[in-house]
>>> print(open('my_file_18.txt').read())   # compact mmCIF, C-alpha atoms
# COMPACT_ATOMS: atom_id res chain seq x y z
CA MET A 44 -15.76 35.34 29.22
CA SER A 45 -15.34 33.23 32.33
CA SER A 46 -15.69 30.02 30.31
CA ASP A 47 -14.58 29.18 26.77
CA ARG A 48 -17.96 27.51 26.23
CA ALA A 49 -20.93 29.73 25.40
CA PRO A 50 -24.72 29.24 25.46
CA LYS A 51 -26.03 27.59 22.30
CA HIS A 52 -28.35 30.49 21.52
CA GLY A 53 -25.51 33.06 21.50
CA LEU A 54 -24.60 35.06 18.40
CA ILE A 55 -21.35 34.83 16.40
CA LEU A 56 -19.68 37.98 15.10
CA ALA A 57 -17.12 37.50 12.30
CA VAL A 58 -14.63 40.32 11.77
CA ASN A 59 -12.26 40.72 8.82
CA ALA A 60 -9.80 43.61 9.14
CA GLY A 61 -8.04 44.78 5.99
CA SER A 62 -5.33 47.41 5.75
CA SER A 63 -7.92 50.21 5.49
CA SER A 64 -11.22 48.37 5.79
CA LEU A 65 -13.34 46.35 8.18
CA LYS A 66 -15.90 43.73 7.13
CA ILE A 67 -18.30 42.46 9.77
CA SER A 68 -20.99 39.77 9.62
CA LEU A 69 -23.33 38.68 12.41
CA PHE A 70 -24.68 35.12 12.52
CA LYS A 71 -26.88 32.94 14.68
CA ARG A 72 -26.34 29.21 14.93
CA GLY A 73 -28.55 26.66 13.21
CA GLY A 74 -30.65 24.47 15.47
CA SER A 75 -28.47 21.38 15.09
CA SER A 76 -25.02 22.97 14.97
CA GLY A 77 -22.31 20.82 16.38
CA SER A 78 -24.07 17.54 15.58
CA SER A 79 -21.86 15.05 13.78
CA GLU A 80 -24.55 14.75 11.10
CA THR A 81 -24.98 18.47 10.55
CA SER A 82 -24.19 19.76 7.08
CA PRO A 83 -21.79 22.74 7.11
CA ASN A 84 -24.37 24.60 5.04
CA ASP A 85 -26.91 24.41 7.88
CA THR A 86 -24.72 25.55 10.76
CA VAL A 87 -25.28 29.32 10.71
CA GLU A 88 -27.74 31.92 9.49
CA LEU A 89 -26.64 35.40 8.42
CA LEU A 90 -28.37 38.23 10.29
CA LEU A 91 -26.59 41.32 8.97
CA THR A 92 -23.44 42.66 7.38
CA SER A 93 -21.47 45.88 7.72
CA THR A 94 -18.51 47.24 5.79
CA ILE A 95 -16.30 50.19 6.66
CA THR A 96 -13.84 51.38 4.00
CA ASN A 97 -11.33 54.25 3.64
CA ILE A 98 -10.45 54.00 7.34
CA SER A 99 -6.96 55.40 6.74
CA GLN A 100 -8.28 58.15 4.44
CA PRO A 101 -11.22 59.82 6.23
CA PRO A 102 -14.07 60.23 5.91
CA ALA A 103 -14.62 56.51 6.24
CA ALA A 104 -17.54 55.02 4.33
CA PHE A 105 -19.90 52.96 6.51
CA SER A 106 -22.53 50.54 5.19
CA PHE A 107 -24.98 48.36 7.11
CA ALA A 108 -27.52 45.87 5.77
CA LEU A 109 -29.94 43.47 7.45
CA ALA A 110 -30.12 40.07 5.76
CA ALA A 111 -33.88 40.05 6.34
CA HIS A 112 -34.24 42.94 3.89
CA GLY A 113 -33.48 40.49 1.11
CA GLU A 114 -31.30 40.72 -1.94
CA GLY A 115 -31.59 43.85 -4.02
CA ARG A 116 -32.37 46.11 -1.06
CA GLU A 117 -29.76 48.86 -0.88
CA ALA A 118 -27.68 48.87 2.27
CA LYS A 119 -27.53 52.04 4.31
CA LYS A 120 -24.36 53.92 3.41
CA GLU A 121 -22.96 57.05 4.96
CA PRO A 122 -19.66 58.89 5.47
CA VAL A 123 -18.51 58.97 9.10
CA GLN A 124 -16.05 61.65 10.21
CA THR A 125 -15.50 60.17 13.67
CA ILE A 126 -13.97 56.91 12.35
CA LYS A 127 -10.19 57.36 12.48
CA ASP A 128 -8.94 53.79 12.91
CA HIS A 129 -10.13 50.16 13.12
CA ALA A 130 -11.05 50.46 16.80
CA SER A 131 -13.31 53.50 16.29
CA ALA A 132 -14.82 51.77 13.22
CA PHE A 133 -15.77 48.77 15.36
CA ASN A 134 -17.24 50.98 18.09
CA HIS A 135 -19.34 52.79 15.49
CA PHE A 136 -20.67 49.43 14.31
CA LEU A 137 -21.66 48.41 17.86
CA ASP A 138 -23.60 51.64 18.37
CA TYR A 139 -25.34 51.17 15.03
CA LEU A 140 -26.14 47.53 15.88
CA LYS A 141 -28.25 48.52 18.87
CA ARG A 142 -29.90 51.47 17.17
CA GLU A 143 -30.74 49.97 13.77
CA ALA A 144 -31.09 46.24 14.44
CA SER A 145 -32.26 46.25 18.07
CA ILE A 146 -29.56 43.70 18.90
CA ASP A 147 -27.84 44.14 22.23
CA ARG A 148 -24.09 43.56 22.24
CA SER A 149 -24.50 41.19 25.19
CA GLU A 150 -26.08 38.64 22.83
CA ILE A 151 -22.73 38.19 21.07
CA VAL A 152 -20.82 35.31 22.68
CA HIS A 153 -18.00 34.65 20.18
CA ILE A 154 -16.10 37.07 17.95
CA CYS A 155 -14.14 35.44 15.13
CA HIS A 156 -11.15 37.46 13.93
CA ARG A 157 -9.41 36.82 10.64
CA VAL A 158 -5.67 36.97 11.34
CA VAL A 159 -3.46 36.85 8.26
CA HIS A 160 -0.29 35.45 9.85
CA GLY A 161 -0.55 32.82 12.58
CA GLY A 162 3.04 31.62 12.65
CA ASP A 163 3.05 28.26 14.44
CA TYR A 164 -0.63 28.50 15.46
CA PHE A 165 -2.45 25.95 13.33
CA GLU A 166 -5.82 25.90 15.09
CA PRO A 167 -8.17 28.71 16.17
CA VAL A 168 -7.15 30.18 19.53
CA ILE A 169 -9.04 32.22 22.10
CA ILE A 170 -7.27 35.53 22.56
CA THR A 171 -5.39 35.75 25.85
CA ASP A 172 -2.46 37.97 26.81
CA GLU A 173 -0.11 35.24 25.57
CA SER A 174 -1.76 34.67 22.17
CA TYR A 175 -2.28 38.42 21.65
CA HIS A 176 1.40 39.18 22.13
CA TYR A 177 2.41 36.26 19.91
CA ILE A 178 0.27 37.63 17.05
CA GLU A 179 1.64 41.09 17.78
CA ARG A 180 5.19 39.80 17.24
CA LEU A 181 4.12 38.47 13.82
CA SER A 182 2.87 41.86 12.61
CA ASP A 183 6.11 42.57 10.76
CA LEU A 184 5.40 39.54 8.55
CA ALA A 185 1.95 40.79 7.56
CA PRO A 186 2.17 44.57 8.00
CA LEU A 187 -0.93 45.38 5.94
CA HIS A 188 -3.31 43.25 8.04
CA ASN A 189 -2.19 41.90 11.41
CA GLY A 190 -2.05 45.40 12.94
CA GLY A 191 -5.66 46.12 12.03
CA ALA A 192 -6.80 42.77 13.42
CA LEU A 193 -4.99 43.43 16.71
CA SER A 194 -6.59 46.85 17.17
CA VAL A 195 -10.06 45.34 16.62
CA MET A 196 -9.26 42.58 19.14
CA LYS A 197 -8.41 45.24 21.70
CA ALA A 198 -11.67 47.04 21.02
CA CYS A 199 -13.63 43.78 21.31
CA ILE A 200 -12.04 42.85 24.63
CA SER A 201 -12.80 46.34 25.92
CA GLU A 202 -16.35 46.69 24.59
CA LEU A 203 -17.47 43.04 24.74
CA PRO A 204 -15.68 41.66 27.82
CA ASN A 205 -18.07 38.74 28.21
CA ALA A 206 -17.52 37.42 24.67
CA ASN A 207 -14.64 35.24 23.52
CA SER A 208 -12.40 36.74 20.86
CA ILE A 209 -11.16 33.84 18.72
CA ALA A 210 -8.37 34.17 16.15
CA TYR A 211 -8.69 32.25 12.88
CA PHE A 212 -5.49 32.14 10.85
CA ASP A 213 -5.05 32.36 7.09
CA THR A 214 -1.88 30.31 7.45
CA SER A 215 -3.63 27.29 9.03
CA PHE A 216 -4.98 25.87 5.76
CA HIS A 217 -1.46 25.48 4.37
CA ARG A 218 -0.02 23.46 7.25
CA THR A 219 -0.38 20.34 5.03
CA MET A 220 2.22 21.52 2.52
CA PRO A 221 5.06 18.96 2.25
CA GLN A 222 8.29 20.01 3.94
CA HIS A 223 10.28 20.21 0.70
CA ILE A 224 7.71 22.67 -0.71
CA ALA A 225 7.44 24.82 2.42
CA MET A 226 11.20 25.08 3.06
CA TYR A 227 13.71 27.48 1.53
CA ALA A 228 17.21 26.45 0.39
CA ILE A 229 18.98 28.13 3.30
CA LYS A 230 20.69 26.80 6.43
CA GLN A 231 17.96 24.93 8.25
CA ASP A 232 19.26 25.50 11.77
CA ILE A 233 18.80 29.25 11.24
CA ALA A 234 15.53 28.78 9.32
CA LYS A 235 13.96 26.66 12.07
CA LYS A 236 15.13 28.94 14.85
CA ARG A 237 13.65 32.01 13.15
CA GLY A 238 10.59 30.40 11.56
CA LEU A 239 11.77 31.11 8.01
CA LYS A 240 9.59 29.03 5.71
CA LYS A 241 6.63 29.30 3.36
CA TYR A 242 3.45 29.81 5.39
CA GLY A 243 0.92 30.74 2.70
CA PHE A 244 -2.12 32.97 3.13
CA HIS A 245 -5.79 33.43 2.11
CA GLY A 246 -6.36 30.12 3.90
CA LEU A 247 -9.87 30.95 5.15
CA SER A 248 -10.87 31.75 1.58
CA TYR A 249 -9.38 28.50 0.29
CA ALA A 250 -11.14 26.50 3.00
CA PHE A 251 -14.48 28.10 2.03
CA ILE A 252 -13.83 27.50 -1.69
CA LEU A 253 -12.87 23.86 -1.15
CA ARG A 254 -16.05 23.26 0.85
CA ALA A 255 -18.28 25.06 -1.68
CA VAL A 256 -16.73 23.66 -4.86
CA SER A 257 -16.56 20.05 -3.66
CA SER A 258 -20.26 20.31 -2.76
CA PHE A 259 -21.01 21.78 -6.20
CA LEU A 260 -19.11 18.95 -7.88
CA GLN A 261 -20.82 16.42 -5.57
CA LYS A 262 -17.44 15.12 -4.45
CA ASP A 263 -15.99 14.53 -1.02
CA PRO A 264 -13.44 17.28 -0.25
CA SER A 265 -10.83 14.57 0.40
CA GLN A 266 -11.20 13.45 -3.22
CA THR A 267 -11.11 16.93 -4.77
CA ASN A 268 -8.17 18.44 -6.69
CA LEU A 269 -8.34 22.15 -7.54
CA ILE A 270 -6.24 25.02 -8.80
CA VAL A 271 -7.70 28.07 -7.09
CA MET A 272 -6.99 31.70 -7.94
CA HIS A 273 -7.89 34.16 -5.17
CA LEU A 274 -7.48 37.37 -7.14
CA GLY A 275 -8.01 40.70 -5.43
CA SER A 276 -5.88 43.63 -4.36
CA GLY A 277 -4.00 40.89 -2.54
CA ALA A 278 -3.69 37.94 -4.91
CA SER A 279 -2.55 34.36 -4.51
CA MET A 280 -3.06 30.87 -5.91
CA CYS A 281 -3.26 27.45 -4.33
CA ALA A 282 -2.91 23.86 -5.58
CA ILE A 283 -5.28 21.67 -3.58
CA GLN A 284 -4.69 17.91 -3.77
CA ALA A 285 -7.11 15.50 -2.12
CA GLY A 286 -8.62 18.38 -0.17
CA LYS A 287 -5.32 19.64 1.21
CA SER A 288 -2.99 22.50 0.35
CA LEU A 289 -0.12 21.15 -1.72
CA ASP A 290 1.44 24.48 -2.68
CA THR A 291 0.59 28.18 -2.71
CA THR A 292 2.15 31.29 -4.20
CA MET A 293 2.60 33.46 -1.12
CA GLY A 294 5.51 32.55 1.14
CA LEU A 295 7.03 33.71 4.41
CA THR A 296 4.98 36.89 3.97
CA PRO A 297 2.10 37.85 1.63
CA VAL A 298 4.45 39.92 -0.56
CA SER A 299 5.72 36.89 -2.50
CA GLY A 300 4.01 35.20 -5.44
CA LEU A 301 1.53 37.11 -7.62
CA PRO A 302 1.64 40.91 -7.86
CA GLY A 303 -1.11 42.79 -6.05
CA ALA A 304 -2.49 46.30 -6.03
CA THR A 305 0.53 47.59 -4.09
CA ARG A 306 2.62 44.40 -3.69
CA SER A 307 5.45 43.49 -6.01
CA GLY A 308 4.96 39.74 -5.98
CA ALA A 309 7.98 37.46 -6.42
CA ILE A 310 11.16 39.30 -7.36
CA ASP A 311 14.89 38.65 -7.38
CA PRO A 312 15.85 39.33 -3.72
CA SER A 313 18.81 41.49 -4.79
CA LEU A 314 16.52 43.90 -6.69
CA ILE A 315 15.73 45.93 -3.57
CA PHE A 316 19.38 46.91 -3.10
CA HIS A 317 19.75 48.08 -6.70
CA TYR A 318 16.36 49.82 -6.49
CA THR A 319 17.48 51.94 -3.54
CA ASN A 320 21.16 52.63 -4.26
CA ARG A 321 22.49 56.09 -5.02
CA ALA A 322 24.03 55.15 -8.37
CA GLY A 323 20.75 55.29 -10.27
CA ARG A 324 21.70 52.04 -12.04
CA ILE A 325 22.67 48.46 -11.23
CA SER A 326 25.92 48.69 -9.31
CA HIS A 327 27.91 46.64 -6.81
CA ASP A 328 29.97 49.64 -5.77
CA ARG A 329 29.70 49.76 -1.97
CA SER A 330 30.17 53.53 -1.95
CA VAL A 331 26.77 54.04 -3.59
CA ALA A 332 24.94 51.40 -1.55
CA VAL A 333 22.20 52.38 0.89
CA ASP A 334 21.68 50.60 4.20
CA VAL A 335 18.22 49.16 3.50
CA HIS A 336 16.43 48.03 6.64
CA VAL A 337 13.84 45.25 6.57
CA THR A 338 11.04 47.71 7.34
CA GLN A 339 12.06 49.95 4.44
CA ALA A 340 12.29 47.03 2.02
CA GLU A 341 8.88 45.75 3.07
CA GLU A 342 7.42 49.25 2.81
CA ILE A 343 8.59 49.45 -0.81
CA LEU A 344 7.54 45.93 -1.81
CA ASN A 345 4.25 45.89 0.14
CA LYS A 346 2.95 49.43 -0.34
CA ARG A 347 4.82 51.08 -3.23
CA ALA A 348 4.80 48.37 -5.88
CA GLY A 349 2.21 46.25 -7.69
CA TRP A 350 0.01 47.46 -10.50
CA ALA A 351 -0.41 50.80 -8.72
CA ALA A 352 3.31 51.42 -9.35
CA LEU A 353 2.85 50.50 -13.02
CA THR A 354 -0.32 52.46 -13.73
CA GLY A 355 -1.04 54.87 -10.88
CA THR A 356 -4.23 53.11 -9.78
CA THR A 357 -4.99 50.23 -7.41
CA ASP A 358 -8.26 49.52 -9.26
CA PHE A 359 -7.72 46.54 -11.57
CA GLY A 360 -11.15 47.12 -13.09
CA ALA A 361 -10.04 50.62 -14.12
CA ILE A 362 -6.91 49.14 -15.70
CA VAL A 363 -9.03 46.81 -17.83
CA ARG A 364 -11.39 49.62 -18.85
CA GLU A 365 -8.51 51.92 -19.84
CA MET A 366 -6.82 49.07 -21.74
CA ARG A 367 -9.99 48.39 -23.73
CA ALA A 368 -10.52 52.09 -24.44
CA VAL A 369 -6.99 52.41 -25.83
CA GLU A 370 -7.44 49.32 -27.99
CA GLU A 371 -10.75 50.61 -29.34
CA ARG A 372 -9.11 53.91 -30.28
CA ARG A 373 -6.26 52.07 -31.95
CA ALA A 374 -8.77 49.95 -33.92
CA ARG A 375 -10.43 53.15 -35.16
CA GLY A 376 -7.06 54.42 -36.37
CA GLU A 377 -6.81 57.13 -33.72
CA PRO A 378 -3.35 58.09 -32.43
CA VAL A 379 -2.18 56.34 -29.26
CA LYS A 380 0.81 57.35 -27.13
CA GLU A 381 2.31 53.92 -26.61
CA GLU A 382 4.73 54.84 -23.84
CA GLU A 383 2.02 56.53 -21.78
CA GLU A 384 -1.10 54.57 -22.71
CA GLY A 385 0.49 51.16 -23.24
CA LYS A 386 0.90 50.85 -19.46
CA TRP A 387 -2.63 49.48 -19.07
CA ARG A 388 -1.99 46.51 -21.37
CA LEU A 389 1.44 45.93 -19.83
CA ALA A 390 0.01 45.72 -16.31
CA PHE A 391 -2.72 43.34 -17.49
CA ASP A 392 -0.26 41.14 -19.39
CA LEU A 393 2.15 41.04 -16.46
CA MET A 394 -0.62 39.80 -14.15
CA LEU A 395 -1.77 37.28 -16.75
CA ASP A 396 1.77 35.98 -17.23
CA ARG A 397 2.33 35.42 -13.51
CA ILE A 398 -1.01 33.65 -13.11
CA VAL A 399 -0.50 31.20 -15.97
CA GLY A 400 3.09 30.56 -14.87
CA TYR A 401 1.93 29.29 -11.49
CA LEU A 402 -1.11 27.60 -13.03
CA GLY A 403 1.05 25.53 -15.35
CA ALA A 404 3.37 24.56 -12.51
CA TYR A 405 0.46 23.51 -10.30
CA TYR A 406 -1.09 21.48 -13.12
CA VAL A 407 2.13 19.48 -13.35
CA LYS A 408 2.39 19.11 -9.55
CA LEU A 409 -1.14 17.68 -9.55
CA GLY A 410 -0.17 15.26 -12.30
CA GLY A 411 -2.80 16.71 -14.62
CA ASN A 412 -5.53 15.42 -12.30
CA VAL A 413 -7.46 18.66 -11.84
CA ASP A 414 -11.19 18.72 -11.20
CA ALA A 415 -11.52 22.47 -11.72
CA LEU A 416 -9.87 25.84 -12.15
CA VAL A 417 -11.57 28.20 -9.70
CA PHE A 418 -11.60 32.00 -9.90
CA ALA A 419 -12.37 33.87 -6.68
CA GLY A 420 -11.74 37.19 -4.94
CA GLY A 421 -12.93 40.59 -6.14
CA ILE A 422 -11.04 40.44 -9.45
CA GLY A 423 -11.53 36.73 -10.01
CA GLU A 424 -15.28 37.08 -9.52
CA ARG A 425 -15.75 40.26 -11.57
CA SER A 426 -13.14 40.43 -14.35
CA VAL A 427 -14.66 38.82 -17.44
CA GLU A 428 -11.56 39.78 -19.42
CA LEU A 429 -9.00 38.27 -17.06
CA ARG A 430 -10.90 34.96 -16.80
CA GLU A 431 -11.13 34.83 -20.58
CA ALA A 432 -7.42 35.54 -21.03
CA VAL A 433 -6.32 32.98 -18.42
CA VAL A 434 -8.44 30.15 -19.82
CA ALA A 435 -7.33 30.97 -23.39
CA LYS A 436 -3.72 30.45 -22.24
CA VAL A 437 -4.47 27.03 -20.73
CA GLU A 438 -6.65 25.62 -23.50
CA CYS A 439 -3.61 23.46 -24.33
CA LEU A 440 -4.23 21.67 -21.00
CA GLY A 441 -7.81 20.82 -21.94
CA PHE A 442 -9.73 23.65 -20.25
CA ALA A 443 -12.40 25.50 -22.23
CA LEU A 444 -14.47 28.59 -21.44
CA ASP A 445 -18.13 29.15 -22.25
CA GLU A 446 -17.85 32.76 -23.36
CA GLN A 447 -21.51 33.57 -22.84
CA ALA A 448 -21.61 32.05 -19.36
CA ASN A 449 -18.42 33.95 -18.51
CA LYS A 450 -20.08 37.25 -19.42
CA GLU A 451 -23.21 36.48 -17.36
CA VAL A 452 -21.58 35.63 -14.00
CA ASP A 453 -22.82 38.79 -12.27
CA GLY A 454 -26.41 37.91 -13.12
CA LYS A 455 -26.19 34.33 -11.86
CA GLU A 456 -27.21 33.30 -8.35
CA GLY A 457 -25.37 30.84 -6.18
CA VAL A 458 -22.00 30.60 -4.49
CA VAL A 459 -20.44 28.64 -7.38
CA VAL A 460 -21.03 29.51 -11.05
CA ASP A 461 -19.96 27.23 -13.91
CA VAL A 462 -18.32 29.15 -16.77
CA GLY A 463 -16.67 26.21 -18.54
CA LYS A 464 -17.70 24.18 -21.59
CA LEU A 465 -16.74 20.82 -20.09
CA LYS A 466 -18.94 19.17 -17.48
CA ASP A 467 -16.73 16.30 -16.28
CA LEU A 468 -13.04 16.91 -15.65
CA ARG A 469 -11.32 20.27 -16.13
CA ARG A 470 -14.25 22.43 -15.05
CA VAL A 471 -13.90 26.21 -14.99
CA LEU A 472 -15.74 27.80 -12.05
CA VAL A 473 -16.24 31.09 -10.28
CA CYS A 474 -16.67 30.95 -6.50
CA ARG A 475 -18.00 33.83 -4.41
CA THR A 476 -15.78 33.33 -1.42
CA ASP A 477 -16.75 34.49 2.08
CA GLU A 478 -14.11 34.46 4.80
CA GLN A 479 -16.50 35.70 7.50
CA LEU A 480 -18.95 32.89 6.76
CA GLU A 481 -16.13 30.33 6.86
CA MET A 482 -15.05 31.50 10.31
CA ALA A 483 -18.62 31.46 11.60
CA LYS A 484 -19.20 27.93 10.30
CA GLU A 485 -15.97 26.67 11.83
CA CYS A 486 -16.89 28.31 15.13
CA ALA A 487 -20.44 26.94 15.14
CA MET A 488 -19.23 23.40 14.39
CA ASN A 489 -16.49 23.35 17.04
CA PRO A 490 -17.94 21.72 20.18
CA LYS A 491 -15.22 23.13 22.45
CA PHE A 492 -16.74 26.61 22.06
CA TRP A 493 -20.31 25.67 23.10
CA GLU A 494 -22.17 24.35 26.10
CA GLU A 495 -23.57 20.85 25.71
>>> encode(input="my_file_18.txt", output="structure tokens")
Amino acid sequence: MSSDRAPKHGLILAVNAGSSSLKISLFKRGGSSGSSETSPNDTVELLLTSTITNISQPPAAFSFALAAHGEGREAKKEPVQTIKDHASAFNHFLDYLKREASIDRSEIVHICHRVVHGGDYFEPVIITDESYHYIERLSDLAPLHNGGALSVMKACISELPNANSIAYFDTSFHRTMPQHIAMYAIKQDIAKKRGLKKYGFHGLSYAFILRAVSSFLQKDPSQTNLIVMHLGSGASMCAIQAGKSLDTTMGLTPVSGLPGATRSGAIDPSLIFHYTNRAGRISHDRSVAVDVHVTQAEEILNKRAGWAALTGTTDFGAIVREMRAVEERRARGEPVKEEEEGKWRLAFDLMLDRIVGYLGAYYVKLGGNVDALVFAGGIGERSVELREAVVAKVECLGFALDEQANKEVDGKEGVVVDVGKLKDLRRVLVCRTDEQLEMAKECAMNPKFWEE
């Protein structure tokens, strides 16, 4: 686009590239967007959504739904053999957009891209050669996501040359972390030169959750203290104090902190050398050591670990179902092969242990002044059992779960659902987070992107 500023009537496309998926939402601005008195809830209107999954394991699954069809109307879903990567997935969406929604691609003026690792970028940036190559250099720090985002950016620049591609960074939300929390106990001259510090991730989700939950609690975000659990195939937690990130579980890269579907979570750094040596046991014998490169270590810890390594599945819901089935058989007195079938409970308990460990630490860091525990992400929003187990562990801190409300979350409307017994301090909430909507709102409210 010749100018960074776009016509007020232009459409906003929000794109969220996962390791093997692409989520897309199209919005139009509200009539008063950009006004200092505009509520964030009035800034944009959703027009349609599209999701492409299994991109790395064809055939990809493509879905497309118009918001005007209303809730409960099944989205169009179909397998697509021609989708081989994120770029071809995006091109398929553009073709579908014209054919099914009668929306011309020229109406799109801004494309918001979720970028997991932004390094030293703390504000949204319009993609130029310089910013593109900077994000490209950060791909090694977020190998499951930054690459997909970059390929979609390329496709957008090629197919929508008159629209601005704007990068929104998951790391931006955590720029408020105090230095002593963000730093590692290593030589700081080397750390600063190489950018070795805790960055934190899932920032767009946390920004959305803070906005939604503070509104639900009828509090100003700057007066809101939360412990938020973004639990999905990538999982993290964040302590929010006075509306700002105080601490978060992910670090220099997303592999640290909580385990994920294929991520190990926090481990002893020396484990990788013992895991890969030729001795088949813990050994400091140099003759059996293997020269482990950074890329190999990250491949193991990012893609060959997590609860998939423990159970054989990346589906946490399946783990819970199998765990319950085994326990029901045991209760009926049926034989259970503990070594083989106990893996489901072990994976669940490991995840539970890591969550409550960080939760307890964050409670102390917030001085016990916590307005709410918030569950979000695919697992946080859907796993009745995990929410129940987590809150049971922290009842000693004064939190209490309404068991019936916890079971009925799926049937409740609204972005935020109350599942706690208490209605003053120490609330327990579920928030249906939406990273695409957060980007679109931020874009719509930023006057530097729009003509006056």
>>> atom_distance(input="my_file_18.txt", atom1="atom CA of A:Leu416", atom2="atom CA of A:Lys240")
26.6 Å
>>> atom_distance(input="my_file_18.txt", atom1="atom CA of A:Asp477", atom2="atom CA of A:Leu65")
13.8 Å
>>> closest_residue(input="my_file_18.txt", among="A:Val158, A:Ala144, A:Val363, A:Leu393", to="A:Leu247", atoms="all atoms listed in the file")
A:Val158
>>> residues_around(input="my_file_18.txt", residues="A:Glu478", least_positions_apart="6", cutoff="9 Å", atoms="all atoms listed in the file", output="list in words")
Ala57, Asn59, Arg157, His245, Gly246, Leu247, Ser248, Tyr249, Ala250 and Phe251 of chain A
>>> atom_distance(input="my_file_18.txt", atom1="atom CA of A:Gly191", atom2="atom CA of A:His129")
6.1 Å
>>> closest_residue(input="my_file_18.txt", among="A:Phe316, A:Ile362, A:Thr356, A:Ile252", to="A:Gln339", atoms="only C-alpha atoms")
A:Phe316
>>> closest_residue(input="my_file_18.txt", among="A:Cys155, A:Leu409, A:Ile315, A:Val473", to="A:Cys199", atoms="only C-alpha atoms")
A:Cys155
>>> closest_residue(input="my_file_18.txt", among="A:Ile154, A:Val459, A:Leu89, A:Val399", to="A:Arg254", atoms="only C-alpha atoms")
A:Val459
>>> residues_around(input="my_file_18.txt", residues="stretch 344-347 of chain A", least_positions_apart="5", cutoff="9 Å", atoms="only C-alpha atoms", output="PyMOL selection string")
chain A and resi 186-187+297-298+303-308+315+339+352
>>> write_last_selection(input="my_file_18.txt", atoms="C-alpha atoms", output="short mmCIF file (atom, residue, chain, number, x, y, z; two decimals), keeping the file's coordinate frame")
data_model
loop_
_atom_site.label_atom_id
_atom_site.label_comp_id
_atom_site.auth_asym_id
_atom_site.auth_seq_id
_atom_site.Cartn_x
_atom_site.Cartn_y
_atom_site.Cartn_z
CA PRO A 186 2.17 44.57 8.00
CA LEU A 187 -0.93 45.38 5.94
CA PRO A 297 2.10 37.85 1.63
CA VAL A 298 4.45 39.92 -0.56
CA GLY A 303 -1.11 42.79 -6.05
CA ALA A 304 -2.49 46.30 -6.03
CA THR A 305 0.53 47.59 -4.09
CA ARG A 306 2.62 44.40 -3.69
CA SER A 307 5.45 43.49 -6.01
CA GLY A 308 4.96 39.74 -5.98
CA ILE A 315 15.73 45.93 -3.57
CA GLN A 339 12.06 49.95 4.44
CA ALA A 352 3.31 51.42 -9.35
#
>>> residues_around(input="my_file_18.txt", residues="A:Val195", least_positions_apart="5", cutoff="12 Å", atoms="all atoms listed in the file", output="PyMOL selection string")
chain A and resi 57-61+64-67+128-136+154-158+170+175+188-190+200-203+208-210
>>> write_last_selection(input="my_file_18.txt", atoms="C-alpha atoms", output="tab-separated table (two decimals), keeping the file's coordinate frame")
chain	number	residue	atom	x	y	z
A	57	ALA	CA	-17.12	37.50	12.30
A	58	VAL	CA	-14.63	40.32	11.77
A	59	ASN	CA	-12.26	40.72	8.82
A	60	ALA	CA	-9.80	43.61	9.14
A	61	GLY	CA	-8.04	44.78	5.99
A	64	SER	CA	-11.22	48.37	5.79
A	65	LEU	CA	-13.34	46.35	8.18
A	66	LYS	CA	-15.90	43.73	7.13
A	67	ILE	CA	-18.30	42.46	9.77
A	128	ASP	CA	-8.94	53.79	12.91
A	129	HIS	CA	-10.13	50.16	13.12
A	130	ALA	CA	-11.05	50.46	16.80
A	131	SER	CA	-13.31	53.50	16.29
A	132	ALA	CA	-14.82	51.77	13.22
A	133	PHE	CA	-15.77	48.77	15.36
A	134	ASN	CA	-17.24	50.98	18.09
A	135	HIS	CA	-19.34	52.79	15.49
A	136	PHE	CA	-20.67	49.43	14.31
A	154	ILE	CA	-16.10	37.07	17.95
A	155	CYS	CA	-14.14	35.44	15.13
A	156	HIS	CA	-11.15	37.46	13.93
A	157	ARG	CA	-9.41	36.82	10.64
A	158	VAL	CA	-5.67	36.97	11.34
A	170	ILE	CA	-7.27	35.53	22.56
A	175	TYR	CA	-2.28	38.42	21.65
A	188	HIS	CA	-3.31	43.25	8.04
A	189	ASN	CA	-2.19	41.90	11.41
A	190	GLY	CA	-2.05	45.40	12.94
A	200	ILE	CA	-12.04	42.85	24.63
A	201	SER	CA	-12.80	46.34	25.92
A	202	GLU	CA	-16.35	46.69	24.59
A	203	LEU	CA	-17.47	43.04	24.74
A	208	SER	CA	-12.40	36.74	20.86
A	209	ILE	CA	-11.16	33.84	18.72
A	210	ALA	CA	-8.37	34.17	16.15
>>> closest_atom_pairs(input="my_file_18.txt", of="stretch 200-265 of chain A", to="stretch 162-165 of chain A", cutoff="10 Å", atoms="all atoms listed in the file", output="JSON lines")
{"residue": "A:Ala210", "atom": "CA", "partner": "A:Tyr164", "partner_atom": "CA", "distance": 9.6}
{"residue": "A:Tyr211", "atom": "CA", "partner": "A:Phe165", "partner_atom": "CA", "distance": 8.9}
{"residue": "A:Phe212", "atom": "CA", "partner": "A:Phe165", "partner_atom": "CA", "distance": 7.3}
{"residue": "A:Asp213", "atom": "CA", "partner": "A:Phe165", "partner_atom": "CA", "distance": 9.3}
{"residue": "A:Thr214", "atom": "CA", "partner": "A:Gly162", "partner_atom": "CA", "distance": 7.3}
{"residue": "A:Ser215", "atom": "CA", "partner": "A:Phe165", "partner_atom": "CA", "distance": 4.7}
{"residue": "A:Phe216", "atom": "CA", "partner": "A:Phe165", "partner_atom": "CA", "distance": 8.0}
{"residue": "A:His217", "atom": "CA", "partner": "A:Phe165", "partner_atom": "CA", "distance": 9.0}
{"residue": "A:Arg218", "atom": "CA", "partner": "A:Phe165", "partner_atom": "CA", "distance": 7.0}
{"residue": "A:Gly238", "atom": "CA", "partner": "A:Gly162", "partner_atom": "CA", "distance": 7.7}
{"residue": "A:Leu239", "atom": "CA", "partner": "A:Gly162", "partner_atom": "CA", "distance": 9.9}
{"residue": "A:Lys240", "atom": "CA", "partner": "A:Gly162", "partner_atom": "CA", "distance": 9.9}
{"residue": "A:Tyr242", "atom": "CA", "partner": "A:Gly162", "partner_atom": "CA", "distance": 7.5}
